[in-house]
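Below is one structure, written out as structure tokens; comments come after it.
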Amino acid sequence: MGPWGTRALLGALATYGWAFRRVRREFVEDRHLSPVTSGAVYVAYSLHALAFLVAVRRPEPPALLRAAAITLGLPLALTGATLFVWGWRGLPVADDSGLATGGLVTGGAYRLSRNPQNVGWALLLTGVALARRSGLGLGLTTLFWGAFRASVPLEEAFLERTYGEAYRRYRARTPRFLGQPPHDS
């Protein structure tokens with residue numbers, strides 16, 4: 001991966017760990033994320049993205065043939081990018097904590113998934129890693145998915161405390177990720 005990719009990955013891991021502890025505490029105690037914690041999450045995601053870009057810069061030996069890798073990866077990456085942007089654009093203006101204001105968002109991409117931005121990002125990373133034939137890229141995608149999965153229960157508990165029955169109804173009809181509603185709550 002090289003020194004820049006390694007530094008970015010180590011920075012992402014350290015920032016994920018530090019931010020995760022703060023997210024857990026702030027969602028429970030403060031009922032919102034501080035600007036510092038919200039910023040740390042964005043820094044961790046950015047460092048992770050940098051490590052990913054370094055990792056997929058050069059294709060690895062062809063475990064997948066180039067045409068097959070592109071045929072699988074490109075549609076997955078485009079679907080992921082579309083879902084990510086659709087989810088992001090569907091959010092109202094964020095407050096200084098990075099959380100949307102104005103109530104529970106349940107329309108647009110949030111009808112298909114309770115987490116469209118993160119699902120979209122994971123699909124985008126997976127598609128790019130496949131198209132670039134990068135095992136390291138797939139490993140970094142797995143790291144992102146693991147960090148995201150660890151934070152989901154914290155956010156869901158926060159949303160249930162904040163929005164109560166409205167969130168429980170939304171959770172009952174909308175998949176956590178994609179697919180059938182929900183049986184994963």
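Identifiers for the structure tokens are assigned positionally: chains receive A, B, ... in sequence, residues are indexed from 1 per chain, and ligands are indexed from 1 in the order shown.
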
(request) as a PyMOL selection string, list the residues of chain A assigned to helix (DSSP H, G or I) by DSSP on the backbone atoms of this structure. (result) chain A and resi 2-29+35-55+66-89+108-111+116-131+135-163+165-173

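The neighbours of His48 (chain A) here are the residues that come within 7 Å of it, using only C-alpha atoms and leaving out any residue fewer than 5 positions away in the same chain; they are Ala8, Leu9 and Ala12 of chain A.
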
Write the residues of the preceding selection, restricted to N, CA and C atoms, as a CSV table (one decimal), in the first residue's frame.
```csv
chain,number,residue,atom,x,y,z
A,8,ALA,N,-2.6,6.7,6.3
A,8,ALA,CA,-4.0,7.0,6.3
A,8,ALA,C,-4.8,5.9,7.0
A,9,LEU,N,-4.5,4.7,6.7
A,9,LEU,CA,-5.2,3.6,7.3
A,9,LEU,C,-5.1,3.6,8.9
A,12,ALA,N,-7.1,6.4,10.2
A,12,ALA,CA,-8.5,6.1,10.2
A,12,ALA,C,-8.9,5.2,11.3
```

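Residue nearest Gly146 (chain A) within the list A:Leu91, A:Leu65, A:Val119, A:Leu72: A:Val119 [criterion: smallest interatomic distance, only C-alpha atoms].
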
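Among A:Leu136, A:Ala19, A:Ala109, A:Ala131, the residue with the shortest atom-to-atom distance to Leu74 (chain A), counting only C-alpha atoms, is A:Ala131.
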
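Distances here use only C-alpha atoms; by that measure, the residue among A:Ala157, A:Ala166, A:Ile70, A:Leu33 closest to Arg132 (chain A) is A:Ile70.
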
(message) Between A:Leu112, A:Ala55, A:Leu50, A:Leu154, which residue has the minimum interatomic distance to Gly137 (chain A), considering only C-alpha atoms?
(response) A:Ala55

(message) Considering only C-alpha atoms, can you say which of A:Ala40, A:Ala147, A:Ala172, A:Leu140 comes closest to Ser113 (chain A)?
(response) A:Ala172

(request) Excluding Ser151 (chain A) and any residue of its chain fewer than 4 positions from it, enumerate the residues within 12 Å of it, using only C-alpha atoms, and give them as an NGL selection string. (result) :A and (16-17 or 19-25 or 27 or 41 or 115 or 118 or 144-147 or 155-158)
